[in-house]
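Only one structure is covered here, and it is reproduced in the block below.
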Amino acid sequence: MSKEITARSADYSQWYNDLVLKGGLADYSAVKGCMVIKPYGFALWEAMRDVLDRKFKETGHQNAYFPLFIPKSFLSKEAAHIEGFAKECAVVTHYRLKNDPNGGGVVVDPEAKLEEELIVRPTSETIIWNTYKDWIQSYRDLPLLINQWANVVRWEMRTRLFLRTAEFLWQEGHTAHATAEEAVAETTQMLNVYADFAEHYMAVPVVRGVKTANERFAGAVDTYCIEALMQDGKALQAGTSHFLGQNFAKAFNVQFSNKENKLEYVWATSWGVSTRLIGGLIMVHSDDQGLVLPPRIAPLQVVIVPIFKGEEQKATIDAKVHALIADLKKLGVSVKYDDSDNNRPGWKFAEYEMKGVPVRIAIGARDIENGVAEVARRDNKTKETLPLEGLGQRIQDLLEEIQQNLFNKAKTYRDEHITRVDTFEEFKQVLDGKAGFVSAHWDGTSETEEKIKELTKATIRCIPLNNPQEEGVCILTGKPSKERVLFARAY
């Protein structure tokens, strides 16, 4: 099956598409720009979602759900917000169809025009803050910590499965606080939740930072982010957390009575990650043989394939395998016994390699006689023969080894692709040759940032948190600079 995958070195974009399609994660849909998430891909999203949802609840957040449709007037209330999303909005203008009297199927009923158009949510700040004005009256109502799991629509013209689609799945947290300090603390807390998830579950090392004004979320005072590096040297924004100040509170008149019984506007945050995390996961870990998935979020951690001739051998293998499965399940390991007779073992090996299952166990009749099994790791494609006695615990330990190995490998690649440069010529050479993050001085102006982007297609991915202060000069203008920032070409 690996022969069906385009090599990364030949065409990275096609390699990625091959893995998504042949790995059974997603498919193209009849709606241009949208995708169908297949059961295996959705199981991966569920595994990621479940971990994040638990982390949100551990930090005091509750889930709710808000309407898919937003009155157009709501988006007019926060000028920067609507400017940022106006070109991506899908608009509902009518509420009814009717049969075409000329026999052309169904047509929009012109008499069913909405009094006010509805926007299919690109993000939910406006509908949520309109609701919060009724929920928040007193300091006793704060903090209000709400998250929702939902779909959103941003009308993208150039799409790629998982990474950029017109409709995608995500979560969006929206919180209200009595003080700016509490809101900023919430913003950084959730950034750290995302970073912890990316590194400890996805095995993806990230840089935590803050966005420049040009890259900031529309309507935010500050946008914090985690940035990851893909195997082709391009960056991916993997999650964002926004300090919204009082912009939305003022736009929707969300006030509370403080302890002195004086009215104040609340302070806000919003934060989110989406199914683009699956795209990032693929591009950080996978290889030319297929997907490589970290054990902690793999839909299936272990697959067992029997190798036998005749029912007598099969029955002997079954007995040992069922005992092993019971041990693995007690240890919390997800396992599948693929004893189907519709494909040969070699085909199954290739199939599970393609799907990125972390551990594959093959057991034959001779193995049973010797009390052993062949155990193959997906991360480094090594095999070893291990005793059946105590194999369940060894597999659990092996899964943790694989998890750590994937992180270490990705971190080594990321660290080796953070390059310091001091001139614009060096900057261009690194971008066109080595790629990755480029650490360089910038004069702090949006004009210079835009000019660098225009000349090189590289953007400032972030100003790293706790960034060392260092006197220098901007690589483009030669003006003074007090710190380096991270540039990269990005998805």
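Each chain in the structure tokens gets a letter, A, B and so on, in the order shown; residues start at 1 in every chain, and ligands are counted from 1 in the order they appear.
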
For A:Val206, work out the shell of residues within 10 Å, counting only C-alpha atoms and skipping chain neighbours fewer than 5 positions away, then give it as an mmCIF file with C-alpha atoms, in the first residue's frame.
data_model
loop_
_atom_site.group_PDB
_atom_site.id
_atom_site.type_symbol
_atom_site.label_atom_id
_atom_site.label_comp_id
_atom_site.auth_asym_id
_atom_site.auth_seq_id
_atom_site.Cartn_x
_atom_site.Cartn_y
_atom_site.Cartn_z
ATOM 1 C CA TYR A 194 -3.484 24.054 24.534
ATOM 2 C CA ALA A 195 0.305 23.834 24.689
ATOM 3 C CA ASP A 196 0.135 21.016 27.251
ATOM 4 C CA ALA A 198 -0.217 19.601 21.920
ATOM 5 C CA GLU A 199 2.988 18.453 23.578
ATOM 6 C CA CYS A 225 -0.855 31.475 20.119
ATOM 7 C CA ILE A 226 0.926 28.169 19.898
ATOM 8 C CA GLU A 227 2.931 27.659 16.714
ATOM 9 C CA ALA A 228 4.109 24.268 15.444
ATOM 10 C CA LEU A 229 6.546 23.362 12.682
ATOM 11 C CA LEU A 236 1.057 25.991 11.548
ATOM 12 C CA GLN A 237 -0.939 28.065 14.008
ATOM 13 C CA ALA A 238 -2.220 25.269 16.234
ATOM 14 C CA GLY A 239 -4.341 27.222 18.709
ATOM 15 C CA ALA A 410 9.619 16.334 16.388
ATOM 16 C CA LYS A 411 11.341 18.591 18.930
ATOM 17 C CA ARG A 414 11.896 21.897 15.307
#

Could you tell me, as an MDAnalysis selection string, which residues of stretch 165-337 of chain A DSSP assigns to alpha helix (DSSP H) when given the backbone? chainID A and resid 180:200 247:251 276:285 310:330

Compile the contact shell of A:Gln469 as an NGL selection string: residues with an atom at most 12 Å away, counting only C-alpha atoms, same-chain residues fewer than 6 positions apart removed. :A and (441 or 463 or 481-485)

Selection to disk with N, CA and C atoms, as an mmCIF file, in the first residue's frame:
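Below you can see again32.cif, which holds the result:
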data_model
loop_
_atom_site.group_PDB
_atom_site.id
_atom_site.type_symbol
_atom_site.label_atom_id
_atom_site.label_comp_id
_atom_site.auth_asym_id
_atom_site.auth_seq_id
_atom_site.Cartn_x
_atom_site.Cartn_y
_atom_site.Cartn_z
ATOM 1 N N HIS A 441 15.541 40.213 13.995
ATOM 2 C CA HIS A 441 15.106 41.496 14.543
ATOM 3 C C HIS A 441 14.133 42.181 13.574
ATOM 4 N N ILE A 463 5.718 36.588 18.693
ATOM 5 C CA ILE A 463 6.774 37.101 19.564
ATOM 6 C C ILE A 463 6.769 36.152 20.767
ATOM 7 N N SER A 481 16.018 47.632 17.273
ATOM 8 C CA SER A 481 15.105 46.580 17.729
ATOM 9 C C SER A 481 15.609 46.065 19.071
ATOM 10 N N LYS A 482 14.676 45.683 19.938
ATOM 11 C CA LYS A 482 15.061 45.211 21.272
ATOM 12 C C LYS A 482 14.873 43.706 21.459
ATOM 13 N N GLU A 483 14.324 43.037 20.433
ATOM 14 C CA GLU A 483 14.132 41.593 20.562
ATOM 15 C C GLU A 483 13.954 40.968 19.193
ATOM 16 N N ARG A 484 14.226 39.667 19.135
ATOM 17 C CA ARG A 484 13.991 38.896 17.925
ATOM 18 C C ARG A 484 12.563 38.356 17.927
ATOM 19 N N VAL A 485 11.998 38.136 16.749
ATOM 20 C CA VAL A 485 10.698 37.499 16.600
ATOM 21 C C VAL A 485 10.851 36.328 15.660
#

Within stretch 335-464 of chain A, find each residue whose DSSP state, derived from the backbone, is strand (DSSP E), and express the selection as a count of residues only. 34

Spatial neighbours of A:Val273, 12 Å, only C-alpha atoms, chain gap at least 5 places, as an mmCIF file with all heavy atoms, in the first residue's frame:
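File written: selection.cif
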data_model
loop_
_atom_site.group_PDB
_atom_site.id
_atom_site.type_symbol
_atom_site.label_atom_id
_atom_site.label_comp_id
_atom_site.auth_asym_id
_atom_site.auth_seq_id
_atom_site.Cartn_x
_atom_site.Cartn_y
_atom_site.Cartn_z
ATOM 1 N N TRP A 45 -10.652 12.722 16.049
ATOM 2 C CA TRP A 45 -11.140 13.995 16.582
ATOM 3 C C TRP A 45 -11.806 13.795 17.945
ATOM 4 O O TRP A 45 -11.607 14.587 18.865
ATOM 5 C CB TRP A 45 -12.119 14.632 15.602
ATOM 6 C CG TRP A 45 -12.783 15.885 16.098
ATOM 7 C CD1 TRP A 45 -14.112 16.084 16.272
ATOM 8 C CD2 TRP A 45 -12.150 17.116 16.461
ATOM 9 N NE1 TRP A 45 -14.361 17.353 16.727
ATOM 10 C CE2 TRP A 45 -13.168 18.025 16.854
ATOM 11 C CE3 TRP A 45 -10.825 17.545 16.498
ATOM 12 C CZ2 TRP A 45 -12.911 19.318 17.278
ATOM 13 C CZ3 TRP A 45 -10.555 18.855 16.928
ATOM 14 C CH2 TRP A 45 -11.578 19.707 17.305
ATOM 15 N N MET A 48 -9.182 13.466 20.627
ATOM 16 C CA MET A 48 -8.606 14.774 20.944
ATOM 17 C C MET A 48 -9.611 15.609 21.735
ATOM 18 O O MET A 48 -9.273 16.245 22.742
ATOM 19 C CB MET A 48 -8.192 15.474 19.645
ATOM 20 C CG MET A 48 -7.156 14.685 18.857
ATOM 21 S SD MET A 48 -6.943 15.269 17.162
ATOM 22 C CE MET A 48 -5.860 16.651 17.412
ATOM 23 N N ARG A 49 -10.844 15.608 21.270
ATOM 24 C CA ARG A 49 -11.907 16.384 21.917
ATOM 25 C C ARG A 49 -12.116 15.957 23.361
ATOM 26 O O ARG A 49 -12.297 16.796 24.255
ATOM 27 C CB ARG A 49 -13.203 16.200 21.122
ATOM 28 C CG ARG A 49 -14.385 17.026 21.605
ATOM 29 C CD ARG A 49 -15.658 16.547 20.929
ATOM 30 N NE ARG A 49 -15.998 15.191 21.353
ATOM 31 C CZ ARG A 49 -16.929 14.437 20.763
ATOM 32 N NH1 ARG A 49 -17.581 14.897 19.715
ATOM 33 N NH2 ARG A 49 -17.187 13.232 21.206
ATOM 34 N N LEU A 52 -9.345 17.362 25.618
ATOM 35 C CA LEU A 52 -9.501 18.801 25.790
ATOM 36 C C LEU A 52 -10.715 19.134 26.650
ATOM 37 O O LEU A 52 -10.647 19.998 27.529
ATOM 38 C CB LEU A 52 -9.620 19.484 24.420
ATOM 39 C CG LEU A 52 -8.321 19.623 23.645
ATOM 40 C CD1 LEU A 52 -8.598 19.984 22.199
ATOM 41 C CD2 LEU A 52 -7.405 20.671 24.288
ATOM 42 N N ASP A 53 -11.815 18.432 26.410
ATOM 43 C CA ASP A 53 -13.027 18.704 27.177
ATOM 44 C C ASP A 53 -12.788 18.451 28.662
ATOM 45 O O ASP A 53 -13.247 19.227 29.524
ATOM 46 C CB ASP A 53 -14.169 17.823 26.667
ATOM 47 C CG ASP A 53 -15.524 18.309 27.149
ATOM 48 O OD1 ASP A 53 -15.910 19.435 26.790
ATOM 49 O OD2 ASP A 53 -16.190 17.569 27.893
ATOM 50 N N THR A 123 -17.640 32.656 13.785
ATOM 51 C CA THR A 123 -17.193 32.581 15.167
ATOM 52 C C THR A 123 -18.338 33.192 15.971
ATOM 53 O O THR A 123 -19.173 33.893 15.408
ATOM 54 C CB THR A 123 -15.861 33.325 15.389
ATOM 55 O OG1 THR A 123 -15.478 33.228 16.762
ATOM 56 C CG2 THR A 123 -15.964 34.796 15.010
ATOM 57 N N ASN A 147 -17.772 27.204 27.338
ATOM 58 C CA ASN A 147 -17.171 26.655 26.123
ATOM 59 C C ASN A 147 -18.282 26.032 25.284
ATOM 60 O O ASN A 147 -19.269 25.532 25.821
ATOM 61 C CB ASN A 147 -16.145 25.576 26.463
ATOM 62 C CG ASN A 147 -15.618 24.877 25.214
ATOM 63 O OD1 ASN A 147 -14.929 25.479 24.404
ATOM 64 N ND2 ASN A 147 -15.953 23.604 25.059
ATOM 65 N N GLN A 148 -18.115 26.058 23.966
ATOM 66 C CA GLN A 148 -19.028 25.278 23.130
ATOM 67 C C GLN A 148 -18.247 24.522 22.063
ATOM 68 O O GLN A 148 -17.258 25.012 21.523
ATOM 69 C CB GLN A 148 -20.117 26.142 22.506
ATOM 70 C CG GLN A 148 -19.757 26.920 21.257
ATOM 71 C CD GLN A 148 -20.988 27.397 20.487
ATOM 72 O OE1 GLN A 148 -22.113 26.950 20.690
ATOM 73 N NE2 GLN A 148 -20.780 28.352 19.577
ATOM 74 N N TRP A 149 -18.709 23.294 21.805
ATOM 75 C CA TRP A 149 -18.215 22.494 20.685
ATOM 76 C C TRP A 149 -19.191 22.701 19.532
ATOM 77 O O TRP A 149 -20.394 22.520 19.701
ATOM 78 C CB TRP A 149 -18.154 21.015 21.083
ATOM 79 C CG TRP A 149 -17.119 20.753 22.137
ATOM 80 C CD1 TRP A 149 -17.314 20.721 23.484
ATOM 81 C CD2 TRP A 149 -15.731 20.527 21.923
ATOM 82 N NE1 TRP A 149 -16.116 20.471 24.132
ATOM 83 C CE2 TRP A 149 -15.127 20.345 23.196
ATOM 84 C CE3 TRP A 149 -14.919 20.439 20.779
ATOM 85 C CZ2 TRP A 149 -13.766 20.081 23.353
ATOM 86 C CZ3 TRP A 149 -13.567 20.183 20.932
ATOM 87 C CH2 TRP A 149 -13.002 20.005 22.208
ATOM 88 N N ALA A 150 -18.679 23.100 18.384
ATOM 89 C CA ALA A 150 -19.587 23.508 17.311
ATOM 90 C C ALA A 150 -18.910 23.387 15.948
ATOM 91 O O ALA A 150 -17.739 23.026 15.838
ATOM 92 C CB ALA A 150 -20.045 24.949 17.544
ATOM 93 N N ASN A 151 -19.676 23.709 14.916
ATOM 94 C CA ASN A 151 -19.122 23.892 13.579
ATOM 95 C C ASN A 151 -19.206 25.373 13.238
ATOM 96 O O ASN A 151 -20.071 26.099 13.747
ATOM 97 C CB ASN A 151 -19.882 23.056 12.546
ATOM 98 C CG ASN A 151 -21.349 23.444 12.475
ATOM 99 O OD1 ASN A 151 -21.909 23.986 13.416
ATOM 100 N ND2 ASN A 151 -21.983 23.159 11.351
ATOM 101 N N VAL A 152 -18.304 25.834 12.400
ATOM 102 C CA VAL A 152 -18.348 27.213 11.922
ATOM 103 C C VAL A 152 -18.102 27.219 10.416
ATOM 104 O O VAL A 152 -17.587 26.247 9.855
ATOM 105 C CB VAL A 152 -17.318 28.128 12.624
ATOM 106 C CG1 VAL A 152 -17.684 28.354 14.078
ATOM 107 C CG2 VAL A 152 -15.913 27.568 12.521
ATOM 108 N N LEU A 163 -6.914 21.279 6.972
ATOM 109 C CA LEU A 163 -6.151 22.500 7.234
ATOM 110 C C LEU A 163 -6.961 23.762 6.973
ATOM 111 O O LEU A 163 -6.836 24.745 7.699
ATOM 112 C CB LEU A 163 -4.883 22.521 6.369
ATOM 113 C CG LEU A 163 -3.846 21.459 6.719
ATOM 114 C CD1 LEU A 163 -2.717 21.480 5.705
ATOM 115 C CD2 LEU A 163 -3.314 21.666 8.128
ATOM 116 N N PHE A 168 -15.743 23.798 9.341
ATOM 117 C CA PHE A 168 -14.890 22.937 10.148
ATOM 118 C C PHE A 168 -15.450 22.831 11.561
ATOM 119 O O PHE A 168 -16.308 23.609 11.974
ATOM 120 C CB PHE A 168 -13.433 23.434 10.166
ATOM 121 C CG PHE A 168 -13.256 24.871 10.600
ATOM 122 C CD1 PHE A 168 -13.070 25.199 11.941
ATOM 123 C CD2 PHE A 168 -13.244 25.902 9.662
ATOM 124 C CE1 PHE A 168 -12.894 26.518 12.346
ATOM 125 C CE2 PHE A 168 -13.062 27.229 10.059
ATOM 126 C CZ PHE A 168 -12.885 27.532 11.396
ATOM 127 N N LEU A 169 -14.967 21.832 12.273
ATOM 128 C CA LEU A 169 -15.376 21.619 13.659
ATOM 129 C C LEU A 169 -14.346 22.252 14.591
ATOM 130 O O LEU A 169 -13.152 22.248 14.304
ATOM 131 C CB LEU A 169 -15.493 20.129 13.967
ATOM 132 C CG LEU A 169 -16.415 19.313 13.070
ATOM 133 C CD1 LEU A 169 -16.450 17.858 13.535
ATOM 134 C CD2 LEU A 169 -17.817 19.895 13.044
ATOM 135 N N TRP A 170 -14.827 22.757 15.711
ATOM 136 C CA TRP A 170 -13.909 23.337 16.687
ATOM 137 C C TRP A 170 -14.591 23.454 18.035
ATOM 138 O O TRP A 170 -15.751 23.087 18.205
ATOM 139 C CB TRP A 170 -13.385 24.682 16.208
ATOM 140 C CG TRP A 170 -14.302 25.883 16.352
ATOM 141 C CD1 TRP A 170 -15.651 25.905 16.603
ATOM 142 C CD2 TRP A 170 -13.906 27.259 16.273
ATOM 143 N NE1 TRP A 170 -16.120 27.195 16.661
ATOM 144 C CE2 TRP A 170 -15.066 28.046 16.473
ATOM 145 C CE3 TRP A 170 -12.698 27.901 16.063
ATOM 146 C CZ2 TRP A 170 -15.030 29.441 16.460
ATOM 147 C CZ3 TRP A 170 -12.663 29.292 16.046
ATOM 148 C CH2 TRP A 170 -13.819 30.050 16.227
ATOM 149 N N GLN A 171 -13.834 23.983 18.989
ATOM 150 C CA GLN A 171 -14.423 24.463 20.233
ATOM 151 C C GLN A 171 -14.063 25.930 20.353
ATOM 152 O O GLN A 171 -13.024 26.383 19.855
ATOM 153 C CB GLN A 171 -13.934 23.664 21.438
ATOM 154 C CG GLN A 171 -12.443 23.635 21.692
ATOM 155 C CD GLN A 171 -11.852 24.906 22.247
ATOM 156 O OE1 GLN A 171 -10.706 25.240 21.948
ATOM 157 N NE2 GLN A 171 -12.619 25.653 23.045
ATOM 158 N N GLU A 172 -14.946 26.677 21.003
ATOM 159 C CA GLU A 172 -14.668 28.086 21.257
ATOM 160 C C GLU A 172 -15.073 28.417 22.678
ATOM 161 O O GLU A 172 -16.221 28.221 23.076
ATOM 162 C CB GLU A 172 -15.370 28.993 20.240
ATOM 163 C CG GLU A 172 -16.848 28.698 20.019
ATOM 164 C CD GLU A 172 -17.478 29.616 18.982
ATOM 165 O OE1 GLU A 172 -17.166 30.822 18.958
ATOM 166 O OE2 GLU A 172 -18.300 29.115 18.191
ATOM 167 N N GLY A 173 -14.112 28.865 23.448
ATOM 168 C CA GLY A 173 -14.382 29.288 24.807
ATOM 169 C C GLY A 173 -14.631 30.781 24.842
ATOM 170 O O GLY A 173 -13.985 31.547 24.118
ATOM 171 N N MET A 190 -5.446 29.301 29.312
ATOM 172 C CA MET A 190 -5.961 28.457 28.238
ATOM 173 C C MET A 190 -4.906 28.226 27.151
ATOM 174 O O MET A 190 -4.865 27.159 26.531
ATOM 175 C CB MET A 190 -7.241 29.054 27.648
ATOM 176 C CG MET A 190 -8.371 29.202 28.665
ATOM 177 S SD MET A 190 -8.553 27.797 29.805
ATOM 178 C CE MET A 190 -9.068 26.494 28.689
ATOM 179 N N LEU A 191 -4.038 29.203 26.951
ATOM 180 C CA LEU A 191 -2.914 28.982 26.036
ATOM 181 C C LEU A 191 -2.061 27.822 26.550
ATOM 182 O O LEU A 191 -1.642 26.947 25.776
ATOM 183 C CB LEU A 191 -2.058 30.244 25.925
ATOM 184 C CG LEU A 191 -0.860 30.100 24.980
ATOM 185 C CD1 LEU A 191 -1.314 30.208 23.537
ATOM 186 C CD2 LEU A 191 0.212 31.139 25.287
ATOM 187 N N VAL A 193 -3.073 25.388 28.490
ATOM 188 C CA VAL A 193 -3.841 24.153 28.325
ATOM 189 C C VAL A 193 -3.625 23.593 26.909
ATOM 190 O O VAL A 193 -3.384 22.396 26.720
ATOM 191 C CB VAL A 193 -5.343 24.390 28.591
ATOM 192 C CG1 VAL A 193 -6.187 23.211 28.086
ATOM 193 C CG2 VAL A 193 -5.595 24.610 30.081
ATOM 194 N N TYR A 194 -3.705 24.474 25.914
ATOM 195 C CA TYR A 194 -3.484 24.054 24.534
ATOM 196 C C TYR A 194 -2.070 23.520 24.329
ATOM 197 O O TYR A 194 -1.861 22.490 23.675
ATOM 198 C CB TYR A 194 -3.730 25.214 23.570
ATOM 199 C CG TYR A 194 -5.165 25.637 23.411
ATOM 200 C CD1 TYR A 194 -5.478 26.943 23.067
ATOM 201 C CD2 TYR A 194 -6.208 24.734 23.582
ATOM 202 C CE1 TYR A 194 -6.796 27.353 22.894
ATOM 203 C CE2 TYR A 194 -7.523 25.127 23.422
ATOM 204 C CZ TYR A 194 -7.815 26.445 23.080
ATOM 205 O OH TYR A 194 -9.118 26.836 22.912
ATOM 206 N N ALA A 195 -1.090 24.248 24.859
ATOM 207 C CA ALA A 195 0.305 23.834 24.689
ATOM 208 C C ALA A 195 0.552 22.489 25.351
ATOM 209 O O ALA A 195 1.235 21.616 24.785
ATOM 210 C CB ALA A 195 1.238 24.900 25.266
ATOM 211 N N PHE A 197 -1.662 20.138 25.873
ATOM 212 C CA PHE A 197 -2.321 19.123 25.056
ATOM 213 C C PHE A 197 -1.486 18.790 23.822
ATOM 214 O O PHE A 197 -1.280 17.612 23.489
ATOM 215 C CB PHE A 197 -3.707 19.596 24.628
ATOM 216 C CG PHE A 197 -4.364 18.693 23.622
ATOM 217 C CD1 PHE A 197 -4.870 17.464 24.005
ATOM 218 C CD2 PHE A 197 -4.448 19.059 22.284
ATOM 219 C CE1 PHE A 197 -5.449 16.610 23.070
ATOM 220 C CE2 PHE A 197 -5.029 18.221 21.350
ATOM 221 C CZ PHE A 197 -5.538 16.995 21.749
ATOM 222 N N ALA A 198 -0.999 19.823 23.135
ATOM 223 C CA ALA A 198 -0.217 19.601 21.920
ATOM 224 C C ALA A 198 1.029 18.776 22.226
ATOM 225 O O ALA A 198 1.359 17.826 21.493
ATOM 226 C CB ALA A 198 0.169 20.933 21.290
ATOM 227 N N CYS A 225 -0.778 32.598 21.041
ATOM 228 C CA CYS A 225 -0.855 31.475 20.119
ATOM 229 C C CYS A 225 0.157 30.396 20.462
ATOM 230 O O CYS A 225 1.127 30.640 21.187
ATOM 231 C CB CYS A 225 -0.624 31.946 18.679
ATOM 232 S SG CYS A 225 1.019 32.648 18.450
ATOM 233 N N ILE A 226 -0.092 29.201 19.940
ATOM 234 C CA ILE A 226 0.926 28.169 19.898
ATOM 235 C C ILE A 226 1.219 27.888 18.434
ATOM 236 O O ILE A 226 0.315 27.727 17.623
ATOM 237 C CB ILE A 226 0.511 26.886 20.648
ATOM 238 C CG1 ILE A 226 -0.846 26.353 20.175
ATOM 239 C CG2 ILE A 226 0.488 27.116 22.150
ATOM 240 C CD1 ILE A 226 -1.209 24.975 20.725
ATOM 241 N N GLN A 237 -0.321 27.539 12.795
ATOM 242 C CA GLN A 237 -0.939 28.065 14.008
ATOM 243 C C GLN A 237 -1.868 26.987 14.552
ATOM 244 O O GLN A 237 -2.868 26.650 13.940
ATOM 245 C CB GLN A 237 -1.719 29.335 13.678
ATOM 246 C CG GLN A 237 -2.416 29.970 14.868
ATOM 247 C CD GLN A 237 -3.164 31.226 14.454
ATOM 248 O OE1 GLN A 237 -2.565 32.263 14.208
ATOM 249 N NE2 GLN A 237 -4.479 31.124 14.354
ATOM 250 N N ALA A 238 -1.516 26.441 15.725
ATOM 251 C CA ALA A 238 -2.220 25.269 16.234
ATOM 252 C C ALA A 238 -3.306 25.606 17.244
ATOM 253 O O ALA A 238 -4.138 24.760 17.566
ATOM 254 C CB ALA A 238 -1.214 24.305 16.864
ATOM 255 N N GLY A 239 -3.318 26.825 17.749
ATOM 256 C CA GLY A 239 -4.341 27.222 18.709
ATOM 257 C C GLY A 239 -4.150 28.684 19.075
ATOM 258 O O GLY A 239 -3.022 29.196 19.028
ATOM 259 N N THR A 240 -5.243 29.362 19.409
ATOM 260 C CA THR A 240 -5.155 30.773 19.790
ATOM 261 C C THR A 240 -6.017 31.055 21.012
ATOM 262 O O THR A 240 -7.048 30.416 21.235
ATOM 263 C CB THR A 240 -5.618 31.698 18.641
ATOM 264 O OG1 THR A 240 -6.893 31.261 18.164
ATOM 265 C CG2 THR A 240 -4.621 31.723 17.511
ATOM 266 N N SER A 241 -5.579 32.024 21.793
ATOM 267 C CA SER A 241 -6.307 32.468 22.975
ATOM 268 C C SER A 241 -6.262 33.990 22.987
ATOM 269 O O SER A 241 -5.174 34.578 22.925
ATOM 270 C CB SER A 241 -5.654 31.887 24.238
ATOM 271 O OG SER A 241 -6.393 32.201 25.392
ATOM 272 N N HIS A 242 -7.430 34.622 23.050
ATOM 273 C CA HIS A 242 -7.520 36.066 22.830
ATOM 274 C C HIS A 242 -7.967 36.823 24.088
ATOM 275 O O HIS A 242 -8.959 36.434 24.729
ATOM 276 C CB HIS A 242 -8.527 36.372 21.715
ATOM 277 C CG HIS A 242 -8.369 35.502 20.508
ATOM 278 N ND1 HIS A 242 -7.322 35.612 19.637
ATOM 279 C CD2 HIS A 242 -9.152 34.491 20.035
ATOM 280 C CE1 HIS A 242 -7.453 34.715 18.677
ATOM 281 N NE2 HIS A 242 -8.561 34.022 18.905
ATOM 282 N N ILE A 278 -5.763 18.045 13.364
ATOM 283 C CA ILE A 278 -5.538 16.744 12.732
ATOM 284 C C ILE A 278 -4.566 16.900 11.571
ATOM 285 O O ILE A 278 -3.658 16.072 11.379
ATOM 286 C CB ILE A 278 -6.867 16.121 12.273
ATOM 287 C CG1 ILE A 278 -7.733 15.783 13.498
ATOM 288 C CG2 ILE A 278 -6.631 14.876 11.416
ATOM 289 C CD1 ILE A 278 -9.109 15.239 13.164
ATOM 290 N N GLY A 280 -2.233 19.164 11.319
ATOM 291 C CA GLY A 280 -0.918 19.363 11.912
ATOM 292 C C GLY A 280 -0.316 18.071 12.411
ATOM 293 O O GLY A 280 0.885 17.812 12.232
#

May I ask for the distance between atom CA of A:Asp141 and atom CA of A:Thr126, given in Å to one decimal place?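 Result for atom CA of A:Asp141 versus atom CA of A:Thr126: 19.6 Å, one decimal.
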
Spatial neighbours of A:Lys320, max dist 10 Å, only C-alpha atoms, sep filter under 4 positions, as a list in words: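 Near A:Lys320, the qualifying residues are Ala315, Thr316, Leu324, Ile325, Ile363, Ile368, Gly371 and Leu388 of chain A.
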
Which residue is closest to A:Ser73? Choose from A:Asp109, A:Ile127, A:Gly23, A:Lys32 and count only C-alpha atoms. A:Ile127

Given only C-alpha atoms as the basis, pick out the residue of A:Asp443, A:Asp11, A:Asp367, A:Glu401 nearest to A:Lys479.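 With only C-alpha atoms as the atom set, the closest residue is A:Asp443.
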
Need the shell around stretch 448-458 of chain A: protein/DNA/RNA residues with any atom at most 7 Å away, counting only C-alpha atoms. Skip same-chain ones fewer than 3 positions apart. Format as an MDAnalysis selection string? chainID A and resid 445 487:489

Please identify every residue of stretch 75-158 of chain A that has at least one atom no farther than 9 Å from an atom of stretch 210-218 of chain A, counting only C-alpha atoms, and for each give the shortest atom pair and the distance in Å to one decimal, arranged by chain then increasing number, as a Markdown table.
| residue | atom | partner | partner_atom | distance |
| --- | --- | --- | --- | --- |
| A:Ala79 | CA | A:Ala218 | CA | 8.9 |
| A:Ala80 | CA | A:Ala218 | CA | 5.5 |
| A:His81 | CA | A:Ala218 | CA | 4.5 |
| A:Ile82 | CA | A:Ala218 | CA | 7.6 |
| A:Glu83 | CA | A:Ala218 | CA | 7.4 |
| A:Gly84 | CA | A:Ala218 | CA | 5.1 |
| A:Phe85 | CA | A:Ala218 | CA | 7.6 |

Proximity to A:Gly60 - best of A:Ile146, A:Val120, A:Val335, A:Val106, only C-alpha atoms: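 Closest to A:Gly60, using only C-alpha atoms: A:Ile146.
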
Computed interatomic separation between atom CA of A:Phe349 and atom CA of A:Tyr337 (Å):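 Computed distance, atom CA of A:Phe349 to atom CA of A:Tyr337, equals 12.6 Å.
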
Just checking: using only C-alpha atoms, which residue out of A:Asp134, A:Pro306, A:Glu384, A:Arg54 ends up closest to A:Asn343?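 For A:Asn343, the nearest of the given residues is A:Pro306.
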
Residue neighbourhood A:Ser286, 10 Å, only C-alpha atoms, exclusion window fewer than 5 positions, as an NGL selection string: :A and (8 or 15-16 or 19 or 231 or 281 or 291-293 or 354-356 or 378-379)

May I have a table of the residues of stretch 357-442 of chain A lying at most 7 Å from stretch 473-476 of chain A, giving each one's closest pair of atoms and their distance in Å to one decimal, counting only C-alpha atoms, ordered by chain and ascending residue number, as CSV?
residue,atom,partner,partner_atom,distance
A:Asp422,CA,A:Ile475,CA,6.0
A:Thr423,CA,A:Ile475,CA,4.9
A:Phe424,CA,A:Ile475,CA,5.0
A:Ala440,CA,A:Ile475,CA,6.8
A:His441,CA,A:Cys474,CA,4.7
A:Trp442,CA,A:Cys474,CA,4.3
